[in-house]
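File shown here: input-v3.tsv, holding TSV, C-alpha atoms.
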chain	number	residue	atom	x	y	z
A	1	MET	CA	22.11	15.43	66.02
A	2	THR	CA	23.23	18.99	66.61
A	3	GLY	CA	22.41	21.85	64.30
A	4	ARG	CA	26.01	21.92	63.06
A	5	HIS	CA	25.98	18.23	62.13
A	6	LEU	CA	22.74	18.69	60.30
A	7	ARG	CA	24.21	21.58	58.30
A	8	ILE	CA	27.21	19.46	57.28
A	9	ALA	CA	24.97	16.59	56.28
A	10	LEU	CA	22.86	18.94	54.14
A	11	TRP	CA	25.93	20.39	52.43
A	12	VAL	CA	27.14	16.85	51.67
A	13	LEU	CA	23.76	16.15	50.06
A	14	VAL	CA	24.03	19.31	47.97
A	15	ALA	CA	27.52	18.30	46.85
A	16	VAL	CA	26.32	14.81	45.87
A	17	ALA	CA	23.40	16.27	43.93
A	18	ALA	CA	25.69	18.73	42.15
A	19	LEU	CA	28.15	15.97	41.27
A	20	GLY	CA	25.28	13.84	39.94
A	21	GLY	CA	24.10	16.74	37.83
A	22	ILE	CA	27.56	17.22	36.36
A	23	LEU	CA	27.88	13.50	35.59
A	24	LEU	CA	24.44	13.48	33.90
A	25	ALA	CA	25.39	16.50	31.82
A	26	LEU	CA	28.58	14.76	30.71
A	27	GLN	CA	26.68	11.66	29.51
A	28	PRO	CA	26.28	11.25	25.75
A	29	PRO	CA	22.75	12.21	24.70
A	30	ALA	CA	21.50	8.63	24.32
A	31	PRO	CA	17.72	9.17	24.12
A	32	ALA	CA	18.00	11.55	21.16
A	33	SER	CA	19.54	8.82	18.98
A	34	ARG	CA	16.21	7.01	18.75
A	35	GLU	CA	14.57	9.98	17.08
A	36	THR	CA	17.41	10.46	14.64
A	37	GLY	CA	17.19	6.71	13.92
A	38	MET	CA	13.59	7.13	12.75
A	39	ALA	CA	14.35	10.25	10.78
A	40	THR	CA	17.33	8.75	9.00
A	41	ILE	CA	15.38	5.87	7.45
A	42	GLY	CA	15.08	6.75	3.78
A	43	GLY	CA	16.52	9.85	2.16
A	44	PRO	CA	17.07	10.79	-1.46
A	45	PHE	CA	18.23	8.09	-3.85
A	46	SER	CA	18.64	7.54	-7.54
A	47	LEU	CA	17.83	4.16	-9.07
A	48	THR	CA	16.80	2.81	-12.47
A	49	GLY	CA	13.19	2.42	-13.55
A	50	SER	CA	11.74	-0.48	-15.52
A	51	ASP	CA	12.17	1.64	-18.67
A	52	GLY	CA	15.93	1.67	-18.08
A	53	GLN	CA	15.88	5.40	-17.32
A	54	PRO	CA	17.17	6.97	-14.10
A	55	PHE	CA	14.53	7.09	-11.39
A	56	PRO	CA	15.27	9.78	-8.80
A	57	SER	CA	13.41	9.43	-5.50
A	58	SER	CA	11.96	12.90	-6.09
A	59	ARG	CA	9.51	11.21	-8.47
A	60	LEU	CA	7.90	9.61	-5.43
A	61	SER	CA	7.35	12.84	-3.51
A	62	GLY	CA	3.93	14.44	-3.40
A	63	LYS	CA	2.31	11.09	-2.72
A	64	PRO	CA	2.62	8.56	0.12
A	65	ALA	CA	4.55	5.43	-0.80
A	66	ALA	CA	4.92	1.86	0.43
A	67	ILE	CA	8.44	0.66	-0.35
A	68	PHE	CA	9.33	-3.03	-0.33
A	69	PHE	CA	12.72	-4.62	-0.95
A	70	GLY	CA	12.70	-8.08	-2.57
A	71	PHE	CA	13.83	-9.95	-5.68
A	72	THR	CA	12.04	-11.35	-8.71
A	73	ASN	CA	13.25	-14.92	-8.11
A	74	CYS	CA	11.39	-14.86	-4.81
A	75	PRO	CA	8.38	-17.12	-5.33
A	76	ASP	CA	6.46	-16.66	-2.12
A	77	VAL	CA	7.16	-13.81	0.29
A	78	CYS	CA	7.69	-11.08	-2.31
A	79	PRO	CA	4.57	-11.70	-4.41
A	80	THR	CA	2.63	-12.25	-1.18
A	81	THR	CA	3.75	-8.87	0.16
A	82	LEU	CA	3.10	-7.00	-3.09
A	83	SER	CA	-0.33	-8.65	-3.52
A	84	ARG	CA	-1.14	-7.68	0.04
A	85	LEU	CA	-0.19	-4.05	-0.61
A	86	VAL	CA	-2.32	-3.97	-3.76
A	87	LYS	CA	-5.22	-5.47	-1.79
A	88	LEU	CA	-4.82	-2.98	1.07
A	89	ARG	CA	-4.71	-0.08	-1.37
A	90	ARG	CA	-7.91	-1.38	-2.94
A	91	GLN	CA	-9.55	-1.67	0.48
A	92	LEU	CA	-8.62	1.92	1.12
A	93	GLY	CA	-11.00	2.84	-1.71
A	94	ARG	CA	-9.11	5.96	-2.75
A	95	GLY	CA	-7.85	4.67	-6.08
A	96	ASP	CA	-4.36	3.64	-7.20
A	97	GLU	CA	-3.27	7.29	-7.08
A	98	ALA	CA	-3.58	7.44	-3.29
A	99	LEU	CA	-0.44	5.40	-2.61
A	100	SER	CA	2.59	4.40	-4.67
A	101	ILE	CA	3.68	0.80	-4.25
A	102	VAL	CA	7.41	0.51	-4.89
A	103	PHE	CA	9.40	-2.69	-5.35
A	104	ILE	CA	13.20	-2.32	-5.10
A	105	THR	CA	15.26	-5.38	-5.96
A	106	VAL	CA	18.03	-6.52	-3.61
A	107	ASP	CA	19.30	-8.77	-6.43
A	108	PRO	CA	20.50	-6.32	-9.10
A	109	GLU	CA	22.75	-8.99	-10.70
A	110	ARG	CA	19.71	-10.94	-11.88
A	111	ASP	CA	17.06	-8.20	-11.87
A	112	GLY	CA	17.55	-5.64	-14.62
A	113	PRO	CA	14.94	-3.05	-15.60
A	114	ALA	CA	13.03	-5.59	-17.74
A	115	GLU	CA	12.82	-8.11	-14.88
A	116	VAL	CA	11.62	-5.66	-12.24
A	117	GLY	CA	9.18	-4.23	-14.79
A	118	SER	CA	7.53	-7.50	-15.74
A	119	TYR	CA	7.54	-8.64	-12.11
A	120	ALA	CA	5.81	-5.43	-11.02
A	121	ALA	CA	3.22	-5.99	-13.75
A	122	LEU	CA	2.07	-9.31	-12.23
A	123	PHE	CA	-0.13	-7.72	-9.60
A	124	GLY	CA	-2.95	-6.34	-11.70
A	125	ALA	CA	-2.42	-2.77	-10.47
A	126	PRO	CA	0.35	-0.17	-10.74
A	127	VAL	CA	3.54	-1.18	-8.92
A	128	ILE	CA	6.81	0.70	-9.52
A	129	GLY	CA	9.72	-1.70	-10.04
A	130	LEU	CA	13.22	-0.31	-9.44
A	131	THR	CA	16.73	-1.65	-9.85
A	132	GLY	CA	20.19	-0.12	-10.14
A	133	SER	CA	23.87	-0.94	-10.11
A	134	PRO	CA	24.97	-3.14	-7.19
A	135	ALA	CA	26.52	-0.02	-5.64
A	136	ASP	CA	23.25	1.94	-6.04
A	137	ILE	CA	21.30	-0.87	-4.41
A	138	GLU	CA	23.80	-1.18	-1.55
A	139	ARG	CA	23.44	2.53	-0.88
A	140	VAL	CA	19.63	2.41	-0.79
A	141	LYS	CA	19.67	-0.70	1.39
A	142	LYS	CA	21.88	1.16	3.84
A	143	GLN	CA	19.57	4.19	3.78
A	144	PHE	CA	16.62	1.99	4.75
A	145	GLY	CA	18.54	-0.36	7.06
A	146	VAL	CA	17.67	-3.31	4.85
A	147	PHE	CA	19.51	-6.58	5.23
A	148	SER	CA	19.94	-9.12	2.44
A	149	GLN	CA	22.16	-12.11	1.92
A	150	LYS	CA	22.45	-14.66	-0.87
A	151	VAL	CA	21.87	-18.30	0.04
A	152	GLU	CA	22.88	-21.12	-2.29
A	153	GLN	CA	20.07	-23.43	-3.37
A	154	PRO	CA	20.33	-27.01	-4.60
A	155	GLY	CA	20.73	-26.89	-8.38
A	156	GLY	CA	23.17	-23.99	-8.40
A	157	ASN	CA	20.69	-21.16	-8.05
A	158	TYR	CA	20.47	-18.88	-5.08
A	159	SER	CA	17.77	-17.41	-2.97
A	160	VAL	CA	18.08	-14.20	-0.98
A	161	ASP	CA	17.28	-13.83	2.69
A	162	HIS	CA	16.03	-10.29	3.14
A	163	SER	CA	14.21	-7.87	5.41
A	164	ALA	CA	10.50	-8.46	5.05
A	165	SER	CA	9.25	-5.08	6.23
A	166	VAL	CA	7.47	-2.54	4.08
A	167	PHE	CA	8.45	1.09	4.64
A	168	LEU	CA	5.62	3.59	4.67
A	169	MET	CA	6.73	7.06	3.59
A	170	ASP	CA	4.59	10.20	3.67
A	171	ARG	CA	4.10	12.72	0.83
A	172	ASP	CA	7.38	14.40	1.75
A	173	SER	CA	9.23	11.04	1.61
A	174	ARG	CA	9.59	10.97	5.37
A	175	PHE	CA	9.57	7.58	7.03
A	176	ILE	CA	6.37	7.06	9.05
A	177	ALA	CA	6.05	3.37	9.92
A	178	THR	CA	6.78	-0.17	8.80
A	179	LEU	CA	4.27	-2.83	7.82
A	180	SER	CA	5.19	-6.29	9.02
A	181	PRO	CA	3.98	-9.49	7.40
A	182	GLU	CA	2.98	-10.66	10.87
A	183	GLU	CA	0.59	-7.87	11.78
A	184	GLY	CA	-3.00	-8.31	10.69
A	185	ASP	CA	-4.54	-6.47	7.76
A	186	ALA	CA	-6.64	-4.35	10.13
A	187	VAL	CA	-3.54	-2.80	11.72
A	188	ALA	CA	-1.88	-2.41	8.35
A	189	LEU	CA	-4.93	-0.72	6.87
A	190	ALA	CA	-5.17	1.67	9.82
A	191	LYS	CA	-1.54	2.70	9.27
A	192	ILE	CA	-2.10	3.29	5.56
A	193	LYS	CA	-5.32	5.24	6.23
A	194	ARG	CA	-3.43	7.58	8.52
A	195	LEU	CA	-0.74	7.93	5.89
A	196	VAL	CA	-3.06	9.00	3.08
A	197	ALA	CA	-5.39	11.09	5.27
B	198	MET	CA	-4.00	-46.26	-15.00
B	199	THR	CA	-3.00	-49.33	-12.99
B	200	ARG	CA	-3.46	-47.20	-9.91
B	201	ALA	CA	-7.20	-46.85	-10.40
B	202	PRO	CA	-8.17	-50.30	-9.01
B	203	ALA	CA	-5.95	-49.78	-5.99
B	204	ILE	CA	-7.48	-46.38	-5.26
B	205	LEU	CA	-10.94	-47.87	-5.72
B	206	ALA	CA	-10.09	-50.63	-3.30
B	207	LEU	CA	-8.82	-48.10	-0.80
B	208	LEU	CA	-11.96	-46.04	-1.16
B	209	LEU	CA	-14.07	-49.15	-0.64
B	210	LEU	CA	-12.10	-50.03	2.45
B	211	ALA	CA	-12.47	-46.49	3.74
B	212	SER	CA	-16.22	-46.55	3.16
B	213	CYS	CA	-16.45	-49.74	5.21
B	214	GLY	CA	-14.85	-47.88	8.09
B	215	GLN	CA	-12.24	-50.57	8.43
B	216	ALA	CA	-9.24	-48.65	7.14
B	217	ASP	CA	-7.08	-47.41	9.97
B	218	GLY	CA	-4.52	-45.79	7.72
B	219	PRO	CA	-4.20	-42.16	6.77
B	220	ASP	CA	-6.74	-40.90	4.26
B	221	ILE	CA	-5.24	-38.03	2.28
B	222	ARG	CA	-7.37	-35.62	0.23
B	223	LEU	CA	-5.86	-32.78	-1.75
B	224	SER	CA	-7.72	-29.65	-2.76
B	225	ASN	CA	-7.34	-26.03	-3.80
B	226	ALA	CA	-3.93	-26.27	-5.48
B	227	TRP	CA	-2.92	-22.94	-6.99
B	228	ALA	CA	0.08	-20.91	-8.01
B	229	ARG	CA	0.82	-17.32	-8.93
B	230	PRO	CA	1.98	-16.31	-12.40
B	231	THR	CA	5.75	-16.03	-12.85
B	232	ILE	CA	8.16	-14.23	-15.17
B	233	GLY	CA	11.25	-15.36	-17.06
B	234	GLN	CA	13.30	-17.98	-15.25
B	235	ALA	CA	11.90	-17.13	-11.83
B	236	PRO	CA	10.68	-20.01	-9.68
B	237	GLY	CA	7.02	-20.46	-8.78
B	238	ALA	CA	5.25	-21.41	-5.58
B	239	VAL	CA	2.32	-23.82	-5.32
B	240	TYR	CA	-0.09	-23.84	-2.39
B	241	VAL	CA	-2.15	-26.97	-1.65
B	242	THR	CA	-4.61	-27.92	1.05
B	243	ILE	CA	-4.00	-31.41	2.43
B	244	ASP	CA	-6.65	-33.14	4.51
B	245	ASN	CA	-5.86	-36.27	6.41
B	246	GLN	CA	-9.28	-37.73	7.15
B	247	GLY	CA	-7.80	-41.01	8.34
B	248	ASP	CA	-7.10	-42.30	11.82
B	249	THR	CA	-3.32	-42.31	11.62
B	250	PRO	CA	-0.84	-39.58	10.79
B	251	ASP	CA	1.14	-39.40	7.57
B	252	ARG	CA	3.98	-37.27	6.29
B	253	LEU	CA	4.38	-35.28	3.10
B	254	THR	CA	7.80	-36.28	1.80
B	255	GLY	CA	8.04	-34.54	-1.55
B	256	ALA	CA	6.43	-33.21	-4.70
B	257	PHE	CA	6.96	-33.88	-8.38
B	258	THR	CA	5.87	-32.25	-11.59
B	259	ASP	CA	6.83	-32.51	-15.21
B	260	HIS	CA	6.34	-28.76	-15.46
B	261	ALA	CA	9.57	-27.87	-13.65
B	262	ALA	CA	13.04	-29.28	-13.16
B	263	MET	CA	12.56	-29.54	-9.41
B	264	ALA	CA	9.75	-29.28	-6.91
B	265	MET	CA	10.69	-28.73	-3.29
B	266	VAL	CA	8.67	-28.28	-0.15
B	267	HIS	CA	9.78	-25.00	1.37
B	268	GLN	CA	9.10	-23.08	4.50
B	269	ASN	CA	9.69	-19.46	5.31
B	270	GLU	CA	10.79	-18.33	8.67
B	271	MET	CA	11.12	-14.83	10.05
B	272	VAL	CA	14.18	-14.15	12.17
B	273	ASP	CA	14.69	-10.58	13.37
B	274	GLY	CA	12.53	-9.22	10.57
B	275	VAL	CA	14.45	-11.16	7.90
B	276	VAL	CA	12.66	-13.85	5.88
B	277	ARG	CA	14.57	-17.01	5.13
B	278	MET	CA	13.29	-19.63	2.72
B	279	ARG	CA	14.50	-23.14	3.41
B	280	MET	CA	13.77	-26.75	2.46
B	281	ALA	CA	11.09	-27.95	4.82
B	282	GLY	CA	11.98	-31.62	5.18
B	283	GLU	CA	8.90	-33.73	5.79
B	284	ILE	CA	5.61	-32.13	6.74
B	285	ASN	CA	3.63	-33.88	9.43
B	286	LEU	CA	-0.01	-34.60	8.61
B	287	PRO	CA	-1.78	-35.53	11.85
B	288	ALA	CA	-4.87	-37.75	11.75
B	289	HIS	CA	-8.13	-35.86	11.21
B	290	ASP	CA	-6.30	-32.67	10.53
B	291	ARG	CA	-5.81	-30.23	7.69
B	292	ILE	CA	-2.67	-28.50	6.45
B	293	GLU	CA	-3.54	-25.47	4.42
B	294	MET	CA	-0.52	-24.02	2.64
B	295	ARG	CA	-0.88	-20.27	2.45
B	296	PRO	CA	1.24	-17.50	0.93
B	297	GLY	CA	4.05	-16.49	3.21
B	298	GLY	CA	4.46	-19.90	4.84
B	299	THR	CA	4.84	-23.46	3.60
B	300	HIS	CA	4.74	-23.87	-0.17
B	301	ILE	CA	6.01	-26.10	-2.93
B	302	MET	CA	8.64	-24.24	-4.84
B	303	LEU	CA	9.02	-25.03	-8.53
B	304	GLU	CA	12.52	-24.39	-9.75
B	305	GLY	CA	13.39	-24.49	-13.45
B	306	LEU	CA	9.87	-24.06	-14.84
B	307	ARG	CA	9.57	-25.26	-18.43
B	308	ALA	CA	7.65	-22.09	-19.19
B	309	PRO	CA	6.61	-19.15	-17.03
B	310	LEU	CA	3.26	-19.73	-15.31
B	311	ARG	CA	0.46	-17.67	-16.82
B	312	THR	CA	-2.92	-16.88	-15.36
B	313	GLY	CA	-5.37	-19.57	-16.44
B	314	ASP	CA	-2.72	-22.29	-16.94
B	315	GLN	CA	-3.19	-25.70	-15.36
B	316	PHE	CA	-0.58	-28.34	-14.75
B	317	ASP	CA	-0.21	-31.62	-12.88
B	318	LEU	CA	1.55	-32.01	-9.57
B	319	VAL	CA	2.07	-35.23	-7.63
B	320	LEU	CA	2.56	-35.25	-3.89
B	321	LYS	CA	4.43	-38.09	-2.22
B	322	PHE	CA	3.69	-39.40	1.25
B	323	ARG	CA	5.37	-41.73	3.68
B	324	ALA	CA	2.37	-44.03	4.14
B	325	SER	CA	-0.19	-43.09	1.50
B	326	GLN	CA	0.04	-43.54	-2.23
B	327	ASP	CA	1.16	-40.73	-4.48
B	328	GLN	CA	-1.64	-38.23	-4.98
B	329	PRO	CA	-2.03	-36.25	-8.18
B	330	ILE	CA	-3.62	-32.82	-8.28
B	331	LYS	CA	-4.20	-30.15	-10.92
B	332	VAL	CA	-2.64	-26.81	-10.08
B	333	ARG	CA	-4.39	-23.69	-11.36
B	334	VAL	CA	-2.47	-20.50	-12.01
B	335	LEU	CA	-4.47	-17.63	-10.56
B	336	GLY	CA	-4.14	-13.95	-11.37
B	337	PRO	CA	-4.44	-11.30	-8.66
B	338	GLU	CA	-8.25	-11.40	-8.78
B	339	GLY	CA	-8.51	-15.12	-8.22
B	340	GLN	CA	-6.14	-15.49	-5.29

Structure translated into structure tokens:
Amino acid sequence: MTGRHLRIALWVLVAVAALGGILLALQPPAPASRETGMATIGGPFSLTGSDGQPFPSSRLSGKPAAIFFGFTNCPDVCPTTLSRLVKLRRQLGRGDEALSIVFITVDPERDGPAEVGSYAALFGAPVIGLTGSPADIERVKKQFGVFSQKVEQPGGNYSVDHSASVFLMDRDSRFIATLSPEEGDAVALAKIKRLVA
Amino acid sequence: MTRAPAILALLLLASCGQADGPDIRLSNAWARPTIGQAPGAVYVTIDNQGDTPDRLTGAFTDHAAMAMVHQNEMVDGVVRMRMAGEINLPAHDRIEMRPGGTHIMLEGLRAPLRTGDQFDLVLKFRASQDQPIKVRVLGPEGQ
């Protein structure tokens, strides 16, 4: 290869690299969307407390919170999850004030303030029960990326398939992590410890 | 009442070591308290100490309009609760129903379940006789 050929080859390489750079720059910024995805879970909302009064999400700020979406006609998974949260908070040993446990119904047609209130009272420790108009609930579900769907049951009643995750929010109501029913209590407790630290 | 002699006979047979059939023992039946019209869930431990498998086919109680064996499954982070069909009870094995999995759902409770309540539940099996058990309603401390 002569010196001239080599120079041409090098220039071709430079051109290819430059073209690649331009193409990369033109690509939509895909990796950034993951971070915004995390940050957009949650956000301010206004629901109804078990006393029938408006419950703005600002009442949760200043304290970490574990938020769970369920419904009061849910006999197994919902009470299991809320009992688990109460147990984990107890294991934390920092008192009930260290972490708010929040239950938001995905079944506002059946769950009024009285229902979410008496349901939340079944766990022997403070749990905040929230409901709202179907539109309010839809909005909050969207904010948290929660799925739910009614399923007819024999006998005319319905059950609700729904996201089983618990959302851990920090003192500034920023989303930090989820708790899954499948992870062990040790992992869950470690996450909560970090949250209240 | 008429069942007592039959059960006795079965027990006798079992003690002789000649019974090849399933040998079902129920224990630790409990439920959580409920509110209003909401359904309840009962958890039972079923031991099959016999040499052949059996199947749990259903549950009955006078305390609710319907009792159904249910299972939860997680699909993409979403829990679905469905009728379980029959539950297999292998020989010399134990099925321990635990919160978040298989349970007996009570729909149309005659009264909400309160901590400290007890009520009767009967489990039905393919091979074995019906087995009664007392269900205790446990508060958060007892669970």

If you count all atoms listed in the file, which residues fall within 6 Å of segment 223-236 of chain B, apart from same-chain ones fewer than 3 positions away, as an NGL selection string?
-> (:A and (73 or 75)) or (:B and (239-243 or 303-304 or 309-312 or 332-335))

So which residues touch Leu60 of chain A within 9 Å, counting only C-alpha atoms, skipping near sequence neighbours fewer than 5 positions away, as a PyMOL selection string?
-> chain A and resi 65+100+171-173

How would the residues just chosen look if you wrote them out with C-alpha atoms as a compact mmCIF listing (two decimals), keeping the file's coordinate frame?
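part-v3.txt, written as the output of this step:
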# COMPACT_ATOMS: atom_id res chain seq x y z
CA ALA A 65 4.55 5.43 -0.80
CA SER A 100 2.59 4.40 -4.67
CA ARG A 171 4.10 12.72 0.83
CA ASP A 172 7.38 14.40 1.75
CA SER A 173 9.23 11.04 1.61

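Atom CA of Asp327 of chain B is found 10.2 Å from atom CA of Thr254 of chain B.
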
Atom CA of Val275 of chain B to atom CA of Met263 of chain B, straight-line distance in Å =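 Atom-to-atom, atom CA of Met263 of chain B to atom CA of Val275 of chain B, that is 25.3 Å.
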
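Distances here use all atoms listed in the file; by that measure, the residue among A:Gly156, A:Phe167, A:Leu82, A:His5 closest to Gln143 of chain A is A:Phe167.
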
Given all atoms listed in the file as the counted atoms, nearest of B:Asn269, B:Gln246, B:Gln315, B:Asn285 to Ser159 of chain A =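 So, comparing all the options, the nearest one is B:Asn269.
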
For the atom pair atom CA of Leu320 of chain B and atom CA of Thr258 of chain B, what is the interatomic distance in Å to one decimal place?
->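 Going from atom CA of Leu320 of chain B over to atom CA of Thr258 of chain B covers 8.9 Å.
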
Could you list the residues in chain B lying within 6 Å of chain A, using all atoms listed in the file, and format the result as a PyMOL selection string?
-> chain B and resi 235-238+274-277+296-297+337

Give me a file of those residues, with C-alpha atoms, as a PDB file, keeping the file's coordinate frame.
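Below is the file that was written, again18.pdb:
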ATOM      1  CA  ALA B 235      11.900 -17.130 -11.830  1.00  0.00           C
ATOM      2  CA  PRO B 236      10.680 -20.010  -9.680  1.00  0.00           C
ATOM      3  CA  GLY B 237       7.020 -20.460  -8.780  1.00  0.00           C
ATOM      4  CA  ALA B 238       5.250 -21.410  -5.580  1.00  0.00           C
ATOM      5  CA  GLY B 274      12.530  -9.220  10.570  1.00  0.00           C
ATOM      6  CA  VAL B 275      14.450 -11.160   7.900  1.00  0.00           C
ATOM      7  CA  VAL B 276      12.660 -13.850   5.880  1.00  0.00           C
ATOM      8  CA  ARG B 277      14.570 -17.010   5.130  1.00  0.00           C
ATOM      9  CA  PRO B 296       1.240 -17.500   0.930  1.00  0.00           C
ATOM     10  CA  GLY B 297       4.050 -16.490   3.210  1.00  0.00           C
ATOM     11  CA  PRO B 337      -4.440 -11.300  -8.660  1.00  0.00           C
TER      12      PRO B 337
END

Out of B:Ala308, B:Ala288, B:Val272, B:Met265, which residue has the shortest atom-to-atom distance to Gly218 of chain B when counting all atoms listed in the file?
->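 Once distances to Gly218 of chain B are computed over all atoms listed in the file, the minimum belongs to B:Ala288.
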
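Proximity to Ala264 of chain B at 6 Å, evaluated using only C-alpha atoms and with sequence-adjacent residues fewer than 4 positions away removed, yields B:Ala256, B:Phe257, B:Met302, B:Leu303.
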
Give me segment 310-334 of chain B with N, CA and C atoms filled in, as a PDB file, in the coordinates of the input.
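Dumped everything to selection.pdb:
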ATOM      1  N   LEU B 310       4.668 -19.438 -15.593  1.00  0.00           N
ATOM      2  CA  LEU B 310       3.260 -19.730 -15.310  1.00  0.00           C
ATOM      3  C   LEU B 310       2.426 -18.513 -15.683  1.00  0.00           C
ATOM      4  N   ARG B 311       1.346 -18.770 -16.424  1.00  0.00           N
ATOM      5  CA  ARG B 311       0.460 -17.670 -16.820  1.00  0.00           C
ATOM      6  C   ARG B 311      -0.925 -17.901 -16.246  1.00  0.00           C
ATOM      7  N   THR B 312      -1.572 -16.805 -15.910  1.00  0.00           N
ATOM      8  CA  THR B 312      -2.920 -16.880 -15.360  1.00  0.00           C
ATOM      9  C   THR B 312      -3.788 -17.746 -16.272  1.00  0.00           C
ATOM     10  N   GLY B 313      -4.491 -18.700 -15.674  1.00  0.00           N
ATOM     11  CA  GLY B 313      -5.370 -19.570 -16.440  1.00  0.00           C
ATOM     12  C   GLY B 313      -4.733 -20.912 -16.785  1.00  0.00           C
ATOM     13  N   ASP B 314      -3.395 -21.011 -16.689  1.00  0.00           N
ATOM     14  CA  ASP B 314      -2.720 -22.290 -16.940  1.00  0.00           C
ATOM     15  C   ASP B 314      -3.143 -23.325 -15.904  1.00  0.00           C
ATOM     16  N   GLN B 315      -3.017 -24.600 -16.309  1.00  0.00           N
ATOM     17  CA  GLN B 315      -3.190 -25.700 -15.360  1.00  0.00           C
ATOM     18  C   GLN B 315      -2.079 -26.691 -15.603  1.00  0.00           C
ATOM     19  N   PHE B 316      -1.573 -27.286 -14.563  1.00  0.00           N
ATOM     20  CA  PHE B 316      -0.580 -28.340 -14.750  1.00  0.00           C
ATOM     21  C   PHE B 316      -0.696 -29.356 -13.610  1.00  0.00           C
ATOM     22  N   ASP B 317      -0.083 -30.536 -13.843  1.00  0.00           N
ATOM     23  CA  ASP B 317      -0.210 -31.620 -12.880  1.00  0.00           C
ATOM     24  C   ASP B 317       0.918 -31.602 -11.860  1.00  0.00           C
ATOM     25  N   LEU B 318       0.570 -31.902 -10.650  1.00  0.00           N
ATOM     26  CA  LEU B 318       1.550 -32.010  -9.570  1.00  0.00           C
ATOM     27  C   LEU B 318       1.232 -33.303  -8.828  1.00  0.00           C
ATOM     28  N   VAL B 319       2.276 -33.998  -8.410  1.00  0.00           N
ATOM     29  CA  VAL B 319       2.070 -35.230  -7.630  1.00  0.00           C
ATOM     30  C   VAL B 319       2.730 -35.034  -6.269  1.00  0.00           C
ATOM     31  N   LEU B 320       1.977 -35.317  -5.229  1.00  0.00           N
ATOM     32  CA  LEU B 320       2.560 -35.250  -3.890  1.00  0.00           C
ATOM     33  C   LEU B 320       2.851 -36.667  -3.402  1.00  0.00           C
ATOM     34  N   LYS B 321       3.974 -36.786  -2.720  1.00  0.00           N
ATOM     35  CA  LYS B 321       4.430 -38.090  -2.220  1.00  0.00           C
ATOM     36  C   LYS B 321       4.325 -38.124  -0.704  1.00  0.00           C
ATOM     37  N   PHE B 322       3.888 -39.262  -0.196  1.00  0.00           N
ATOM     38  CA  PHE B 322       3.690 -39.400   1.250  1.00  0.00           C
ATOM     39  C   PHE B 322       4.420 -40.611   1.777  1.00  0.00           C
ATOM     40  N   ARG B 323       4.663 -40.600   3.074  1.00  0.00           N
ATOM     41  CA  ARG B 323       5.370 -41.730   3.680  1.00  0.00           C
ATOM     42  C   ARG B 323       4.488 -42.981   3.653  1.00  0.00           C
ATOM     43  N   ALA B 324       3.240 -42.847   4.048  1.00  0.00           N
ATOM     44  CA  ALA B 324       2.370 -44.030   4.140  1.00  0.00           C
ATOM     45  C   ALA B 324       1.428 -44.140   2.939  1.00  0.00           C
ATOM     46  N   SER B 325       0.828 -43.042   2.557  1.00  0.00           N
ATOM     47  CA  SER B 325      -0.190 -43.090   1.500  1.00  0.00           C
ATOM     48  C   SER B 325       0.440 -43.178   0.125  1.00  0.00           C
ATOM     49  N   GLN B 326      -0.383 -43.539  -0.832  1.00  0.00           N
ATOM     50  CA  GLN B 326       0.040 -43.540  -2.230  1.00  0.00           C
ATOM     51  C   GLN B 326       0.270 -42.124  -2.730  1.00  0.00           C
ATOM     52  N   ASP B 327       0.995 -42.028  -3.820  1.00  0.00           N
ATOM     53  CA  ASP B 327       1.160 -40.730  -4.480  1.00  0.00           C
ATOM     54  C   ASP B 327      -0.221 -40.162  -4.827  1.00  0.00           C
ATOM     55  N   GLN B 328      -0.353 -38.855  -4.677  1.00  0.00           N
ATOM     56  CA  GLN B 328      -1.640 -38.230  -4.980  1.00  0.00           C
ATOM     57  C   GLN B 328      -1.436 -37.143  -6.026  1.00  0.00           C
ATOM     58  N   PRO B 329      -2.131 -37.288  -7.157  1.00  0.00           N
ATOM     59  CA  PRO B 329      -2.030 -36.250  -8.180  1.00  0.00           C
ATOM     60  C   PRO B 329      -3.017 -35.117  -7.916  1.00  0.00           C
ATOM     61  N   ILE B 330      -2.663 -33.937  -8.340  1.00  0.00           N
ATOM     62  CA  ILE B 330      -3.620 -32.820  -8.280  1.00  0.00           C
ATOM     63  C   ILE B 330      -3.312 -31.839  -9.402  1.00  0.00           C
ATOM     64  N   LYS B 331      -4.365 -31.192  -9.896  1.00  0.00           N
ATOM     65  CA  LYS B 331      -4.200 -30.150 -10.920  1.00  0.00           C
ATOM     66  C   LYS B 331      -3.981 -28.809 -10.223  1.00  0.00           C
ATOM     67  N   VAL B 332      -2.923 -28.123 -10.652  1.00  0.00           N
ATOM     68  CA  VAL B 332      -2.640 -26.810 -10.080  1.00  0.00           C
ATOM     69  C   VAL B 332      -3.159 -25.751 -11.046  1.00  0.00           C
ATOM     70  N   ARG B 333      -3.893 -24.798 -10.524  1.00  0.00           N
ATOM     71  CA  ARG B 333      -4.390 -23.690 -11.360  1.00  0.00           C
ATOM     72  C   ARG B 333      -3.551 -22.453 -11.100  1.00  0.00           C
ATOM     73  N   VAL B 334      -3.227 -21.746 -12.162  1.00  0.00           N
ATOM     74  CA  VAL B 334      -2.470 -20.500 -12.010  1.00  0.00           C
ATOM     75  C   VAL B 334      -3.486 -19.354 -11.934  1.00  0.00           C
TER      76      VAL B 334
END
